[in-house]
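Peer 1: Dropping in model.txt, with compact mmCIF, C-alpha atoms.
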```
# COMPACT_ATOMS: atom_id res chain seq x y z
CA LEU A 191 6.99 -19.31 -2.76
CA MET A 192 4.22 -17.36 -1.03
CA TYR A 193 4.71 -14.39 1.31
CA VAL A 194 2.23 -13.85 4.15
CA VAL A 195 2.24 -11.17 6.86
CA SER A 196 0.55 -11.33 10.24
CA LYS A 197 -0.77 -8.57 12.45
CA GLU A 198 -1.10 -10.79 15.50
CA ASN A 199 2.55 -11.73 15.94
CA ASN A 200 4.36 -9.21 13.71
CA LYS A 201 5.85 -11.78 11.34
CA LEU A 202 6.50 -12.38 7.68
CA TYR A 203 6.08 -16.01 6.64
CA LEU A 204 7.81 -17.58 3.66
CA ILE A 205 5.66 -20.53 2.61
CA SER A 206 6.36 -23.25 0.07
CA THR A 207 3.39 -23.75 -2.22
CA LYS A 208 4.82 -27.11 -3.28
CA SER A 209 5.08 -28.67 0.18
CA ASN A 210 2.52 -26.42 1.93
CA THR A 211 5.00 -25.74 4.72
CA VAL A 212 6.38 -22.64 6.39
CA LEU A 213 10.01 -22.34 5.32
CA LYS A 214 10.89 -19.31 7.42
CA GLU A 215 9.39 -16.85 9.92
CA ILE A 216 10.88 -13.36 9.92
CA PRO A 217 10.10 -10.90 12.74
CA LEU A 218 8.74 -7.53 11.65
CA PRO A 219 9.18 -4.28 13.62
CA ASN A 220 5.41 -3.62 13.81
CA GLU A 221 2.00 -5.11 13.03
CA ALA A 222 1.69 -5.71 9.31
CA TYR A 223 -1.41 -5.33 7.16
CA THR A 224 -0.50 -6.62 3.70
CA CYS A 225 2.35 -7.12 1.28
CA VAL A 226 2.96 -6.86 -2.47
CA LEU A 227 5.74 -8.37 -4.57
CA SER A 228 7.60 -6.34 -7.18
CA PRO A 229 7.38 -7.45 -10.84
CA ASN A 230 10.98 -8.75 -10.75
CA LYS A 231 10.21 -10.66 -7.52
CA LYS A 232 13.30 -9.23 -5.79
CA THR A 233 11.44 -6.84 -3.51
CA LEU A 234 8.47 -7.30 -1.20
CA PHE A 235 6.72 -4.18 0.11
CA ILE A 236 5.01 -4.59 3.50
CA SER A 237 2.56 -2.10 5.01
CA LEU A 238 3.34 -1.80 8.71
CA TRP A 239 -0.04 -0.86 10.18
CA GLY A 240 1.34 -0.34 13.67
CA GLY A 241 4.41 1.63 12.63
CA ALA A 242 3.27 4.20 10.04
CA LYS A 243 5.88 2.72 7.69
CA VAL A 244 6.35 0.56 4.64
CA ALA A 245 9.08 -2.04 5.02
CA VAL A 246 11.09 -2.95 1.94
CA PHE A 247 12.12 -6.61 2.10
CA ASN A 248 14.84 -7.96 -0.19
CA THR A 249 13.73 -11.46 -1.21
CA ILE A 250 17.28 -12.51 -2.14
CA SER A 251 18.99 -11.57 1.16
CA GLN A 252 15.72 -12.17 3.06
CA ARG A 253 16.04 -9.03 5.14
CA ILE A 254 14.40 -5.63 5.44
CA ILE A 255 16.65 -3.16 3.64
CA VAL A 256 14.77 0.06 4.41
CA GLU A 257 11.66 1.39 6.15
CA ILE A 258 9.79 4.27 4.55
CA ALA A 259 7.85 6.65 6.80
CA VAL A 260 4.25 7.18 5.66
CA ASP A 261 1.03 8.39 7.28
CA GLN A 262 -0.85 6.54 10.02
CA ASN A 263 -2.16 2.97 9.65
CA PRO A 264 -0.93 2.06 6.18
CA ASN A 265 -3.07 -0.72 4.79
CA ASP A 266 -3.64 -1.49 1.11
CA LEU A 267 -0.69 -1.34 -1.28
CA LEU A 268 -0.82 -0.92 -5.06
CA LEU A 269 2.25 -1.18 -7.27
CA THR A 270 2.40 0.08 -10.85
CA LYS A 271 2.95 -2.62 -13.48
CA ASP A 272 6.52 -1.43 -14.06
CA GLY A 273 7.18 -1.49 -10.31
CA LYS A 274 8.43 2.12 -10.21
CA TYR A 275 5.68 3.52 -7.97
CA LEU A 276 3.84 2.27 -4.91
CA PHE A 277 0.56 3.73 -3.63
CA VAL A 278 -0.21 3.27 0.07
CA ALA A 279 -3.68 3.81 1.60
CA HIS A 280 -3.87 5.07 5.20
CA GLY A 281 -6.77 3.80 7.29
CA ASN A 282 -6.42 6.33 10.12
CA ASP A 283 -5.80 9.29 7.90
CA ASN A 284 -7.44 10.83 4.88
CA THR A 285 -4.49 10.18 2.61
CA VAL A 286 -2.77 7.90 0.14
CA SER A 287 1.03 8.11 -0.16
CA LEU A 288 2.92 7.78 -3.41
CA ILE A 289 6.39 6.23 -3.09
CA ASN A 290 9.13 6.17 -5.70
CA THR A 291 10.42 2.59 -5.43
CA THR A 292 13.81 3.45 -6.94
CA THR A 293 14.69 6.07 -4.30
CA TYR A 294 12.43 4.66 -1.54
CA LYS A 295 11.10 8.18 -0.95
CA LYS A 296 7.53 9.38 -0.45
CA ILE A 297 6.98 11.87 -3.27
CA GLU A 298 3.33 12.79 -2.82
CA SER A 299 0.40 12.62 -0.44
CA LEU A 300 -3.04 12.45 -2.06
CA VAL A 301 -5.85 13.78 0.14
CA ALA A 302 -8.89 11.56 -0.42
CA SER A 303 -11.35 13.36 1.90
CA LEU A 304 -14.54 14.98 0.66
CA PHE A 305 -13.23 18.48 1.37
CA PRO A 306 -9.83 20.02 2.26
CA ASN A 307 -8.79 19.86 5.92
CA ALA A 308 -11.62 17.45 6.75
CA PRO A 309 -11.26 15.76 10.14
CA LEU A 310 -10.05 12.17 10.22
CA GLY A 311 -12.67 9.69 9.12
CA THR A 312 -12.35 9.14 5.38
CA THR A 313 -10.62 5.77 5.96
CA PRO A 314 -9.00 5.00 2.59
CA ASN A 315 -8.57 1.21 2.56
CA GLY A 316 -8.67 -0.07 -1.01
CA LEU A 317 -6.83 0.95 -4.19
CA ALA A 318 -7.09 0.19 -7.92
CA PHE A 319 -5.93 1.62 -11.25
CA ASP A 320 -7.79 1.98 -14.48
CA GLU A 321 -6.44 -0.18 -17.32
CA LYS A 322 -3.85 2.40 -18.46
CA GLU A 323 -2.78 3.35 -14.90
CA GLN A 324 -3.80 6.95 -15.52
CA LYS A 325 -6.47 7.04 -12.81
CA LEU A 326 -6.40 5.84 -9.22
CA PHE A 327 -9.59 4.73 -7.47
CA ILE A 328 -9.57 4.89 -3.66
CA ALA A 329 -12.19 3.11 -1.54
CA ASN A 330 -13.15 5.58 1.20
CA ALA A 331 -14.78 3.26 3.71
CA ASP A 332 -16.19 5.80 6.14
CA ASN A 333 -17.37 8.18 3.41
CA ASN A 334 -19.08 5.42 1.39
CA CYS A 335 -17.48 6.46 -1.88
CA LEU A 336 -14.60 6.06 -4.27
CA ALA A 337 -12.24 9.00 -4.66
CA VAL A 338 -10.86 9.30 -8.20
CA PHE A 339 -7.48 10.86 -9.04
CA ASP A 340 -5.68 11.60 -12.27
CA ILE A 341 -2.21 10.10 -11.63
CA SER A 342 -0.83 10.45 -15.15
CA THR A 343 1.94 12.75 -13.86
CA LYS A 344 3.48 11.13 -10.77
CA GLY A 345 3.99 13.65 -7.99
CA LYS A 346 1.34 15.97 -9.45
CA SER A 347 -1.87 13.99 -9.02
CA LYS A 348 -5.19 15.78 -9.46
CA PRO A 349 -8.47 14.92 -7.72
CA LEU A 350 -11.28 14.28 -10.20
CA GLY A 351 -14.21 13.68 -7.85
CA PHE A 352 -16.13 10.96 -6.04
CA ILE A 353 -18.31 8.01 -6.96
CA PRO A 354 -20.98 7.06 -4.37
CA THR A 355 -20.99 3.42 -3.23
CA GLY A 356 -22.83 1.27 -0.78
CA TRP A 357 -21.92 1.13 2.88
CA TYR A 358 -18.21 0.86 3.83
CA PRO A 359 -16.40 -0.05 0.57
CA THR A 360 -13.25 -2.04 1.33
CA ALA A 361 -11.89 -3.01 -2.10
CA VAL A 362 -11.94 -1.76 -5.66
```
Written as structure tokens, how would this file's structure read?

Peer 2:
Amino acid sequence: LMYVVSKENNKLYLISTKSNTVLKEIPLPNEAYTCVLSPNKKTLFISLWGGAKVAVFNTISQRIIVEIAVDQNPNDLLLTKDGKYLFVAHGNDNTVSLINTTTYKKIESLVASLFPNAPLGTTPNGLAFDEKEQKLFIANADNNCLAVFDISTKGKSKPLGFIPTGWYPTAV
């Protein structure tokens, strides 16, 4: 089974990879950007670009069970290997949210801009961990750099600095 979200018609598609057919179309409350499946495959997290939310979709009941408020234009999603934490990049903000996936609560907001209280324009849009999930790398598209955070203590992340990149990085 493959899950696909669409920005154009606000839908989640459940697609059979065996028959290459759409099994089900599920309406979403807002335009979606991407989705990520939990390690146990029971939960699908969907960034709702147009709603400043992350929808939590139960794959068993095939319904949204909760919507988590985050900052504007959530785009890329990154789930820890154990599935306990979800990082959410915000394309129209200078932030990345950290969500506890057990409580479905936002527990931290990482500011990825070059300096505190910077105006909008950092455009975080890509996320990756180091191998041990102790560092988070954030592609800052409009600042042409990667922001690096120590995330070893969830809820108490520390900025470590920036790595220059080429023009408009979109993935890490």

Peer 1: Taking all atoms listed in the file into account, name the residue in A:Ile254, A:Ala337, A:Ile216, A:Ile289 that is nearest to Phe305 of chain A.

Peer 2: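 Using all atoms listed in the file, Phe305 of chain A sits closest to A:Ala337.
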
Peer 1: Please, what distance in Å, to one decimal, runs between atom CA of Pro349 of chain A and atom CA of Val246 of chain A?

Peer 2: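 Separation of atom CA of Pro349 of chain A and atom CA of Val246 of chain A: 28.2 Å.
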
Peer 1: What separation in Å, quoted to one decimal, exists between atom CA of Val260 of chain A and atom CA of Ser287 of chain A?

Peer 2: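 Pair atom CA of Val260 of chain A / atom CA of Ser287 of chain A returns 6.7 Å.
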
Peer 1: Using only C-alpha atoms, find the one residue out of A:Asp266, A:Glu198, A:Glu321, A:Asp261 that sits nearest to Ser237 of chain A.

Peer 2: A:Asp266

Peer 1: Let me make sure I understand: among A:Val362, A:Leu267, A:Ala245, A:Leu317, which one has the smallest atom-to-atom distance to Leu218 of chain A if we use all atoms listed in the file?

Peer 2: A:Ala245

Peer 1: Atom CA of Ile341 of chain A and atom CA of Leu326 of chain A, how far apart in Å?

Peer 2: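 Spanning atom CA of Leu326 of chain A to atom CA of Ile341 of chain A is a straight-line distance of 6.4 Å.
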
Peer 1: Complete the atoms of segment 303-314 of chain A to all heavy atoms and put them out as a PDB file, keeping the file's coordinate frame.

Peer 2:
```
ATOM      1  N   SER A 303     -10.143  12.942   1.167  1.00  0.00           N
ATOM      2  CA  SER A 303     -11.350  13.360   1.900  1.00  0.00           C
ATOM      3  C   SER A 303     -12.289  14.161   0.991  1.00  0.00           C
ATOM      4  O   SER A 303     -11.897  14.651  -0.066  1.00  0.00           O
ATOM      5  CB  SER A 303     -10.973  14.176   3.125  1.00  0.00           C
ATOM      6  OG  SER A 303     -10.210  15.306   2.766  1.00  0.00           O
ATOM      7  N   LEU A 304     -13.521  14.295   1.445  1.00  0.00           N
ATOM      8  CA  LEU A 304     -14.540  14.980   0.660  1.00  0.00           C
ATOM      9  C   LEU A 304     -14.293  16.476   0.509  1.00  0.00           C
ATOM     10  O   LEU A 304     -14.745  17.096  -0.442  1.00  0.00           O
ATOM     11  CB  LEU A 304     -15.928  14.747   1.265  1.00  0.00           C
ATOM     12  CG  LEU A 304     -16.417  13.300   1.237  1.00  0.00           C
ATOM     13  CD1 LEU A 304     -17.731  13.169   1.997  1.00  0.00           C
ATOM     14  CD2 LEU A 304     -16.563  12.793  -0.182  1.00  0.00           C
ATOM     15  N   PHE A 305     -13.568  17.064   1.468  1.00  0.00           N
ATOM     16  CA  PHE A 305     -13.230  18.480   1.370  1.00  0.00           C
ATOM     17  C   PHE A 305     -11.891  18.711   2.058  1.00  0.00           C
ATOM     18  O   PHE A 305     -11.482  17.923   2.913  1.00  0.00           O
ATOM     19  CB  PHE A 305     -14.335  19.374   1.956  1.00  0.00           C
ATOM     20  CG  PHE A 305     -14.742  19.028   3.358  1.00  0.00           C
ATOM     21  CD1 PHE A 305     -14.107  19.606   4.451  1.00  0.00           C
ATOM     22  CD2 PHE A 305     -15.771  18.117   3.597  1.00  0.00           C
ATOM     23  CE1 PHE A 305     -14.479  19.283   5.746  1.00  0.00           C
ATOM     24  CE2 PHE A 305     -16.143  17.783   4.890  1.00  0.00           C
ATOM     25  CZ  PHE A 305     -15.496  18.374   5.966  1.00  0.00           C
ATOM     26  N   PRO A 306     -11.152  19.760   1.670  1.00  0.00           N
ATOM     27  CA  PRO A 306      -9.830  20.020   2.260  1.00  0.00           C
ATOM     28  C   PRO A 306      -9.918  20.191   3.780  1.00  0.00           C
ATOM     29  O   PRO A 306     -10.900  20.714   4.311  1.00  0.00           O
ATOM     30  CB  PRO A 306      -9.392  21.329   1.604  1.00  0.00           C
ATOM     31  CG  PRO A 306     -10.211  21.430   0.361  1.00  0.00           C
ATOM     32  CD  PRO A 306     -11.513  20.744   0.666  1.00  0.00           C
ATOM     33  N   ASN A 307      -8.908  19.742   4.463  1.00  0.00           N
ATOM     34  CA  ASN A 307      -8.790  19.860   5.920  1.00  0.00           C
ATOM     35  C   ASN A 307      -9.942  19.184   6.672  1.00  0.00           C
ATOM     36  O   ASN A 307     -10.273  19.588   7.790  1.00  0.00           O
ATOM     37  CB  ASN A 307      -8.653  21.316   6.350  1.00  0.00           C
ATOM     38  CG  ASN A 307      -7.438  21.968   5.726  1.00  0.00           C
ATOM     39  OD1 ASN A 307      -6.369  21.370   5.671  1.00  0.00           O
ATOM     40  ND2 ASN A 307      -7.608  23.185   5.229  1.00  0.00           N
ATOM     41  N   ALA A 308     -10.548  18.192   6.070  1.00  0.00           N
ATOM     42  CA  ALA A 308     -11.620  17.450   6.750  1.00  0.00           C
ATOM     43  C   ALA A 308     -11.016  16.706   7.943  1.00  0.00           C
ATOM     44  O   ALA A 308      -9.860  16.296   7.906  1.00  0.00           O
ATOM     45  CB  ALA A 308     -12.262  16.455   5.791  1.00  0.00           C
ATOM     46  N   PRO A 309     -11.782  16.536   9.018  1.00  0.00           N
ATOM     47  CA  PRO A 309     -11.260  15.760  10.140  1.00  0.00           C
ATOM     48  C   PRO A 309     -11.051  14.301   9.727  1.00  0.00           C
ATOM     49  O   PRO A 309     -11.592  13.851   8.708  1.00  0.00           O
ATOM     50  CB  PRO A 309     -12.364  15.876  11.207  1.00  0.00           C
ATOM     51  CG  PRO A 309     -13.587  16.259  10.465  1.00  0.00           C
ATOM     52  CD  PRO A 309     -13.146  16.996   9.239  1.00  0.00           C
ATOM     53  N   LEU A 310     -10.273  13.585  10.510  1.00  0.00           N
ATOM     54  CA  LEU A 310     -10.050  12.170  10.220  1.00  0.00           C
ATOM     55  C   LEU A 310     -11.374  11.444  10.118  1.00  0.00           C
ATOM     56  O   LEU A 310     -12.315  11.771  10.825  1.00  0.00           O
ATOM     57  CB  LEU A 310      -9.199  11.536  11.317  1.00  0.00           C
ATOM     58  CG  LEU A 310      -7.757  12.023  11.424  1.00  0.00           C
ATOM     59  CD1 LEU A 310      -7.053  11.306  12.561  1.00  0.00           C
ATOM     60  CD2 LEU A 310      -7.011  11.812  10.127  1.00  0.00           C
ATOM     61  N   GLY A 311     -11.432  10.444   9.240  1.00  0.00           N
ATOM     62  CA  GLY A 311     -12.670   9.690   9.120  1.00  0.00           C
ATOM     63  C   GLY A 311     -12.994   9.270   7.701  1.00  0.00           C
ATOM     64  O   GLY A 311     -14.027   8.662   7.456  1.00  0.00           O
ATOM     65  N   THR A 312     -12.125   9.569   6.755  1.00  0.00           N
ATOM     66  CA  THR A 312     -12.350   9.140   5.380  1.00  0.00           C
ATOM     67  C   THR A 312     -12.074   7.642   5.247  1.00  0.00           C
ATOM     68  O   THR A 312     -12.778   6.926   4.562  1.00  0.00           O
ATOM     69  CB  THR A 312     -11.466   9.951   4.416  1.00  0.00           C
ATOM     70  OG1 THR A 312     -11.878  11.320   4.489  1.00  0.00           O
ATOM     71  CG2 THR A 312     -11.589   9.481   2.993  1.00  0.00           C
ATOM     72  N   THR A 313     -11.032   7.172   5.896  1.00  0.00           N
ATOM     73  CA  THR A 313     -10.620   5.770   5.960  1.00  0.00           C
ATOM     74  C   THR A 313     -10.366   5.140   4.576  1.00  0.00           C
ATOM     75  O   THR A 313     -11.032   4.196   4.175  1.00  0.00           O
ATOM     76  CB  THR A 313     -11.620   4.911   6.752  1.00  0.00           C
ATOM     77  OG1 THR A 313     -11.996   5.619   7.937  1.00  0.00           O
ATOM     78  CG2 THR A 313     -11.029   3.575   7.153  1.00  0.00           C
ATOM     79  N   PRO A 314      -9.380   5.655   3.837  1.00  0.00           N
ATOM     80  CA  PRO A 314      -9.000   5.000   2.590  1.00  0.00           C
ATOM     81  C   PRO A 314      -8.456   3.598   2.894  1.00  0.00           C
ATOM     82  O   PRO A 314      -7.569   3.450   3.734  1.00  0.00           O
ATOM     83  CB  PRO A 314      -7.893   5.885   2.026  1.00  0.00           C
ATOM     84  CG  PRO A 314      -7.955   7.164   2.774  1.00  0.00           C
ATOM     85  CD  PRO A 314      -8.574   6.855   4.088  1.00  0.00           C
TER      86      PRO A 314
END
```
